[in-house]
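Here's structure.cif, which has mmCIF, C-alpha atoms:
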data_query
#
loop_
_atom_site.label_atom_id
_atom_site.label_comp_id
_atom_site.auth_asym_id
_atom_site.auth_seq_id
_atom_site.Cartn_x
_atom_site.Cartn_y
_atom_site.Cartn_z
CA ILE A 1 -13.09 -0.52 -2.37
CA ASP A 2 -10.84 -1.64 -5.24
CA CYS A 3 -13.93 -2.93 -6.99
CA LEU A 4 -15.10 0.69 -7.31
CA SER A 5 -12.00 1.82 -9.17
CA ILE A 6 -11.18 -1.39 -11.05
CA ASP A 7 -13.66 -2.84 -13.52
CA GLN A 8 -13.93 -6.41 -12.25
CA ALA A 9 -14.94 -7.62 -15.74
CA ARG A 10 -11.79 -6.07 -17.27
CA VAL A 11 -9.22 -6.24 -14.47
CA ASP A 12 -6.18 -6.33 -16.79
CA ALA A 13 -7.22 -3.18 -18.64
CA SER A 14 -8.25 -1.38 -15.46
CA LEU A 15 -4.99 -2.13 -13.68
CA ALA A 16 -3.14 0.01 -16.21
CA ALA A 17 -4.79 3.01 -14.50
CA LEU A 18 -3.71 1.98 -10.98
CA PRO A 19 -0.59 4.18 -10.97
CA VAL A 20 -2.72 7.14 -12.10
CA TRP A 21 -5.14 6.65 -9.21
CA LEU A 22 -2.31 6.22 -6.71
CA ALA A 23 -0.27 9.15 -8.06
CA GLU A 24 -3.05 11.51 -7.03
CA CYS A 25 -3.01 10.29 -3.43
CA GLU A 26 -0.88 11.93 -0.78
CA SER A 27 -1.85 9.26 1.71
CA LEU A 28 -3.22 5.77 1.26
CA LEU A 29 -5.88 4.48 3.64
CA VAL A 30 -5.52 0.75 4.21
CA LEU A 31 -8.48 -1.16 5.66
CA ALA A 32 -6.59 -3.99 7.33
CA GLY A 33 -7.93 -7.17 8.84
CA PRO A 34 -6.36 -10.57 9.44
CA SER A 35 -5.90 -11.44 5.74
CA TYR A 36 -4.54 -8.09 4.52
CA LEU A 37 -0.82 -8.89 4.60
CA SER A 38 -1.38 -12.17 2.78
CA ARG A 39 -2.84 -10.49 -0.34
CA LEU A 40 -0.12 -9.66 -2.85
CA TRP A 41 -2.23 -7.17 -4.82
CA CYS A 42 -2.73 -5.11 -1.65
CA LEU A 43 1.00 -5.05 -1.01
CA VAL A 44 1.70 -4.04 -4.62
CA GLU A 45 -0.70 -1.10 -4.25
CA ILE A 46 1.23 0.13 -1.21
CA PHE A 47 4.57 -0.32 -2.98
CA VAL A 48 3.41 1.53 -6.12
CA HIS A 49 2.04 4.34 -3.95
CA LEU A 50 5.37 4.68 -2.14
CA GLU A 51 7.37 4.61 -5.38
CA LEU A 52 5.15 7.28 -6.94
CA LEU A 53 5.43 9.51 -3.87
CA GLU A 54 9.21 9.19 -3.98
CA ALA A 55 9.31 9.96 -7.71
CA ALA A 56 7.10 13.02 -7.24
CA SER A 57 9.24 14.22 -4.34
CA ASN A 58 12.43 13.77 -6.37
CA ALA A 59 10.91 15.59 -9.36
CA SER A 60 9.77 18.46 -7.13
CA PHE A 61 13.21 18.66 -5.52
CA ALA A 62 14.92 18.75 -8.93
CA ALA A 63 12.46 21.30 -10.36
CA THR A 64 13.06 23.71 -7.48
CA GLY A 65 16.82 23.29 -7.59
CA GLY A 66 16.73 21.62 -4.20
CA ALA A 67 14.65 24.31 -2.51
CA SER A 68 11.62 23.33 -0.46
CA GLY A 69 8.42 24.09 -2.30
CA SER A 70 5.52 25.92 -0.71
CA GLY A 71 2.56 25.63 -2.95
CA SER A 72 -0.27 23.41 -3.87
CA GLY A 73 0.84 19.81 -4.04
CA SER A 74 4.32 20.45 -2.70
CA ALA A 75 3.69 19.26 0.84
CA ARG A 76 3.33 15.50 1.02
CA ALA A 77 1.80 13.56 3.87
CA THR A 78 4.35 12.77 6.55
CA ARG A 79 2.78 9.31 6.88
CA PRO A 80 1.96 8.14 3.38
CA VAL A 81 0.09 5.09 4.70
CA GLN A 82 -2.71 5.16 7.25
CA VAL A 83 -4.08 1.86 8.53
CA LEU A 84 -7.65 1.47 9.76
CA LEU A 85 -7.94 -1.81 11.64
CA ILE A 86 -11.11 -3.78 10.95
CA ASP A 87 -12.57 -7.20 11.78
CA GLY A 88 -11.78 -6.90 15.48
CA TRP A 89 -8.06 -6.29 15.05
CA GLY A 90 -6.26 -4.15 17.59
CA PRO A 91 -2.94 -2.28 17.35
CA GLU A 92 -1.04 -5.14 19.04
CA ASP A 93 -2.42 -7.66 16.53
CA TRP A 94 -1.35 -5.38 13.69
CA GLN A 95 2.17 -4.82 15.01
CA ARG A 96 2.71 -8.56 15.48
CA ALA A 97 1.48 -9.24 11.95
CA VAL A 98 3.69 -6.53 10.42
CA GLN A 99 6.76 -7.75 12.33
CA GLY A 100 6.19 -11.33 11.15
CA PHE A 101 5.26 -10.32 7.62
CA ASN A 102 7.08 -11.98 4.69
CA ALA A 103 6.12 -10.68 1.25
CA ALA A 104 7.19 -13.95 -0.38
CA ASP A 105 4.30 -15.67 1.43
CA ALA A 106 1.63 -13.36 -0.04
CA ALA A 107 -0.77 -14.86 -2.56
CA CYS A 108 -3.28 -13.96 -5.24
CA SER A 109 -6.56 -15.68 -6.02
CA ASN A 110 -5.19 -16.19 -9.54
CA PRO A 111 -1.83 -18.05 -9.57
CA GLU A 112 -0.95 -16.41 -12.91
CA ASP A 113 -1.30 -12.97 -11.31
CA ARG A 114 1.03 -14.03 -8.50
CA ALA A 115 3.64 -15.33 -10.94
CA LEU A 116 3.47 -12.10 -12.98
CA LEU A 117 3.67 -9.85 -9.92
CA LEU A 118 6.61 -11.78 -8.47
CA THR A 119 8.45 -11.52 -11.80
CA ILE A 120 7.93 -7.75 -11.79
CA ILE A 121 8.89 -7.45 -8.11
CA ASP A 122 12.04 -9.55 -8.65
CA SER A 123 13.14 -7.16 -11.42
CA HIS A 124 13.11 -4.23 -8.98
CA PRO A 125 16.35 -3.47 -7.11
CA GLY A 126 16.27 -5.55 -3.94
CA GLY A 127 13.81 -8.07 -5.37
CA ILE A 128 11.16 -9.57 -3.11
CA ALA A 129 13.23 -8.87 0.04
CA GLY A 130 13.55 -5.15 -0.82
CA PHE A 131 9.88 -4.97 -1.76
CA GLY A 132 8.88 -6.59 1.52
CA ALA A 133 11.16 -4.36 3.58
CA ARG A 134 9.76 -1.22 1.92
CA VAL A 135 6.15 -2.26 2.51
CA ARG A 136 6.88 -3.42 6.08
CA ASP A 137 8.59 -0.13 6.93
CA ALA A 138 5.67 1.92 5.59
CA LEU A 139 3.14 -0.18 7.49
CA ALA A 140 5.19 -0.20 10.70
CA HIS A 141 5.50 3.59 10.63
CA GLY A 142 2.06 4.37 9.28
CA GLU A 143 -0.63 5.90 11.43
CA VAL A 144 -2.77 3.10 12.89
CA LEU A 145 -6.42 3.88 13.57
CA THR A 146 -9.13 1.78 15.13
CA ARG A 147 -12.87 2.16 14.71
CA GLY A 148 -14.31 4.77 17.02
CA GLN A 149 -10.92 6.49 17.47
CA GLU A 150 -10.97 10.21 16.77
CA GLY A 151 -10.32 10.71 13.07
CA ALA A 152 -11.36 7.15 12.23
CA PRO A 153 -14.73 6.20 10.80
CA ALA A 154 -17.23 5.04 13.41
CA LYS A 155 -19.23 1.84 13.07
#

In structure tokens, how does this file's structure come out?
Amino acid sequence: IDCLSIDQARVDASLAALPVWLAECESLLVLAGPSYLSRLWCLVEIFVHLELLEAASNASFAATGGASGSGSGSARATRPVQVLLIDGWGPEDWQRAVQGFNAADAACSNPEDRALLLTIIDSHPGGIAGFGARVRDALAHGEVLTRGQEGAPAK
């Protein structure tokens, strides 16, 4: 689906808009199969989504003087990440993969992208370990759906 929102001929320029796309999302739907947790770009998308949700929540809290808002856009999804399992994966497979997940092992098809992303991740408080823990927590506590389950797309 990324190929629909990111011009594959101009990936660098298109990626600048990634935070804009993610900022408009209250919940992120992850289509996860066996290779999902090994793809660094996918993990970065989740992390950026979580950071933007937190920033929006903090801004809303500050703007209301700490009062809970009750208007359009003030209520955020309680589970900011939903996972739809694909490629024959079941919930047990997913939980095992999330528990054994190590962000430092994730890769990119372009080694230069991986080096750049790891440099950016390392500059964030907590570095790669904090990044991995944040992503793991969101995935472990996200709503997990399987094909054919009510609310999940059918085949």

Query raised in the report: So which residues get picked by the PyMOL selection byres ((chain A and resi 34) around 12) here, written as a PyMOL selection string?
Result: chain A and resi 31-33+35-39+85-91+93-98+101

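Distance-wise, atom CA of Ala106 of chain A and atom CA of Gln8 of chain A end up 21.0 Å apart.
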
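What the PyMOL selection byres ((chain A and resi 113-130) around 9) grabs from this file is Leu40, Trp41, Val44, Asn102, Ala103, Ala104, Ala106, Ala107, Cys108, Ser109, Asn110, Pro111, Glu112, Phe131, Gly132, Ala133, Arg134 and Val135 of chain A.
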
Given the point (0.7, 4.0, 12.0) in the coordinates of this file, which residues lie within 8 Å, counting all atoms listed in the file, and how would they look as a compact mmCIF listing (two decimals) with C-alpha atoms, in the coordinates of the input?
# COMPACT_ATOMS: atom_id res chain seq x y z
CA ARG A 79 2.78 9.31 6.88
CA VAL A 81 0.09 5.09 4.70
CA GLN A 82 -2.71 5.16 7.25
CA VAL A 83 -4.08 1.86 8.53
CA LEU A 139 3.14 -0.18 7.49
CA ALA A 140 5.19 -0.20 10.70
CA HIS A 141 5.50 3.59 10.63
CA GLY A 142 2.06 4.37 9.28
CA GLU A 143 -0.63 5.90 11.43
CA VAL A 144 -2.77 3.10 12.89
CA LEU A 145 -6.42 3.88 13.57

Requested in this report: Could you tell me how far atom CA of Pro80 of chain A lies from atom CA of Ala23 of chain A, in Å and to one decimal?
Outcome: 11.7 Å

Please, what is the axis-aligned box for every listed atom of segment 46-52 of chain A with 5 Å on each side, as centre and edge lengths in Å to one decimal, as AutoDock Vina command-line options?
--center_x 4.3 --center_y 3.5 --center_z -4.1 --size_x 16.1 --size_y 17.6 --size_z 15.7

Report summary line: Of A:Leu84, A:Val48, A:Ala138, A:Ala56, the one nearest to Ala17 of chain A when counting all atoms listed in the file is A:Val48

Once N, CA, C and O atoms are restored for segment 98-124 of chain A, what would the output be as a JSON list (two decimals), keeping the file's coordinate frame?
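See part-v1.json below for the written result:
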[["chain", "number", "residue", "atom", "x", "y", "z"],
["A", 98, "VAL", "N", 2.71, -7.26, 11.24],
["A", 98, "VAL", "CA", 3.69, -6.53, 10.42],
["A", 98, "VAL", "C", 5.10, -7.04, 10.71],
["A", 98, "VAL", "O", 5.89, -7.25, 9.79],
["A", 99, "GLN", "N", 5.42, -7.26, 11.97],
["A", 99, "GLN", "CA", 6.76, -7.75, 12.33],
["A", 99, "GLN", "C", 7.02, -9.14, 11.75],
["A", 99, "GLN", "O", 8.15, -9.43, 11.36],
["A", 100, "GLY", "N", 6.01, -9.97, 11.67],
["A", 100, "GLY", "CA", 6.19, -11.33, 11.15],
["A", 100, "GLY", "C", 5.92, -11.46, 9.66],
["A", 100, "GLY", "O", 5.99, -12.55, 9.10],
["A", 101, "PHE", "N", 5.64, -10.35, 9.02],
["A", 101, "PHE", "CA", 5.26, -10.32, 7.62],
["A", 101, "PHE", "C", 6.41, -10.73, 6.69],
["A", 101, "PHE", "O", 7.53, -10.28, 6.85],
["A", 102, "ASN", "N", 6.12, -11.58, 5.72],
["A", 102, "ASN", "CA", 7.08, -11.98, 4.69],
["A", 102, "ASN", "C", 6.37, -11.87, 3.34],
["A", 102, "ASN", "O", 5.44, -12.63, 3.07],
["A", 103, "ALA", "N", 6.79, -10.92, 2.53],
["A", 103, "ALA", "CA", 6.12, -10.68, 1.25],
["A", 103, "ALA", "C", 6.12, -11.91, 0.36],
["A", 103, "ALA", "O", 5.19, -12.10, -0.44],
["A", 104, "ALA", "N", 7.12, -12.75, 0.47],
["A", 104, "ALA", "CA", 7.19, -13.95, -0.38],
["A", 104, "ALA", "C", 6.05, -14.93, -0.08],
["A", 104, "ALA", "O", 5.75, -15.79, -0.91],
["A", 105, "ASP", "N", 5.41, -14.79, 1.07],
["A", 105, "ASP", "CA", 4.30, -15.67, 1.43],
["A", 105, "ASP", "C", 2.96, -15.16, 0.91],
["A", 105, "ASP", "O", 1.96, -15.87, 1.00],
["A", 106, "ALA", "N", 2.90, -13.94, 0.41],
["A", 106, "ALA", "CA", 1.63, -13.36, -0.04],
["A", 106, "ALA", "C", 1.14, -14.07, -1.30],
["A", 106, "ALA", "O", 1.93, -14.56, -2.10],
["A", 107, "ALA", "N", -0.16, -14.11, -1.46],
["A", 107, "ALA", "CA", -0.77, -14.86, -2.56],
["A", 107, "ALA", "C", -1.77, -14.00, -3.33],
["A", 107, "ALA", "O", -2.13, -12.90, -2.91],
["A", 108, "CYS", "N", -2.21, -14.54, -4.43],
["A", 108, "CYS", "CA", -3.28, -13.96, -5.24],
["A", 108, "CYS", "C", -4.31, -15.05, -5.48],
["A", 108, "CYS", "O", -3.97, -16.24, -5.48],
["A", 109, "SER", "N", -5.55, -14.66, -5.73],
["A", 109, "SER", "CA", -6.56, -15.68, -6.02],
["A", 109, "SER", "C", -6.27, -16.36, -7.36],
["A", 109, "SER", "O", -6.61, -17.51, -7.57],
["A", 110, "ASN", "N", -5.58, -15.64, -8.24],
["A", 110, "ASN", "CA", -5.19, -16.19, -9.54],
["A", 110, "ASN", "C", -3.68, -16.46, -9.51],
["A", 110, "ASN", "O", -2.88, -15.52, -9.43],
["A", 111, "PRO", "N", -3.27, -17.72, -9.60],
["A", 111, "PRO", "CA", -1.83, -18.05, -9.57],
["A", 111, "PRO", "C", -1.02, -17.36, -10.68],
["A", 111, "PRO", "O", 0.15, -17.05, -10.48],
["A", 112, "GLU", "N", -1.66, -17.11, -11.83],
["A", 112, "GLU", "CA", -0.95, -16.41, -12.91],
["A", 112, "GLU", "C", -0.64, -14.97, -12.51],
["A", 112, "GLU", "O", 0.42, -14.45, -12.86],
["A", 113, "ASP", "N", -1.55, -14.33, -11.80],
["A", 113, "ASP", "CA", -1.30, -12.97, -11.31],
["A", 113, "ASP", "C", -0.10, -12.98, -10.36],
["A", 113, "ASP", "O", 0.77, -12.11, -10.44],
["A", 114, "ARG", "N", -0.07, -13.95, -9.47],
["A", 114, "ARG", "CA", 1.03, -14.03, -8.50],
["A", 114, "ARG", "C", 2.36, -14.20, -9.22],
["A", 114, "ARG", "O", 3.34, -13.52, -8.91],
["A", 115, "ALA", "N", 2.40, -15.10, -10.20],
["A", 115, "ALA", "CA", 3.64, -15.33, -10.94],
["A", 115, "ALA", "C", 4.09, -14.05, -11.66],
["A", 115, "ALA", "O", 5.27, -13.69, -11.63],
["A", 116, "LEU", "N", 3.14, -13.34, -12.28],
["A", 116, "LEU", "CA", 3.47, -12.10, -12.98],
["A", 116, "LEU", "C", 3.97, -11.04, -12.01],
["A", 116, "LEU", "O", 5.00, -10.40, -12.25],
["A", 117, "LEU", "N", 3.26, -10.86, -10.90],
["A", 117, "LEU", "CA", 3.67, -9.85, -9.92],
["A", 117, "LEU", "C", 5.04, -10.17, -9.33],
["A", 117, "LEU", "O", 5.87, -9.26, -9.17],
["A", 118, "LEU", "N", 5.29, -11.42, -9.02],
["A", 118, "LEU", "CA", 6.61, -11.78, -8.47],
["A", 118, "LEU", "C", 7.73, -11.56, -9.48],
["A", 118, "LEU", "O", 8.83, -11.16, -9.10],
["A", 119, "THR", "N", 7.45, -11.79, -10.77],
["A", 119, "THR", "CA", 8.45, -11.52, -11.80],
["A", 119, "THR", "C", 8.76, -10.03, -11.85],
["A", 119, "THR", "O", 9.93, -9.63, -11.92],
["A", 120, "ILE", "N", 7.73, -9.20, -11.77],
["A", 120, "ILE", "CA", 7.93, -7.75, -11.79],
["A", 120, "ILE", "C", 8.67, -7.31, -10.53],
["A", 120, "ILE", "O", 9.63, -6.52, -10.60],
["A", 121, "ILE", "N", 8.25, -7.81, -9.38],
["A", 121, "ILE", "CA", 8.89, -7.45, -8.11],
["A", 121, "ILE", "C", 10.36, -7.87, -8.11],
["A", 121, "ILE", "O", 11.24, -7.11, -7.68],
["A", 122, "ASP", "N", 10.66, -9.07, -8.62],
["A", 122, "ASP", "CA", 12.04, -9.55, -8.65],
["A", 122, "ASP", "C", 12.93, -8.71, -9.55],
["A", 122, "ASP", "O", 14.15, -8.67, -9.36],
["A", 123, "SER", "N", 12.34, -8.00, -10.52],
["A", 123, "SER", "CA", 13.14, -7.16, -11.42],
["A", 123, "SER", "C", 13.49, -5.82, -10.78],
["A", 123, "SER", "O", 14.35, -5.10, -11.28],
["A", 124, "HIS", "N", 12.84, -5.49, -9.68],
["A", 124, "HIS", "CA", 13.11, -4.23, -8.98],
["A", 124, "HIS", "C", 14.35, -4.41, -8.12],
["A", 124, "HIS", "O", 14.57, -5.49, -7.57]]
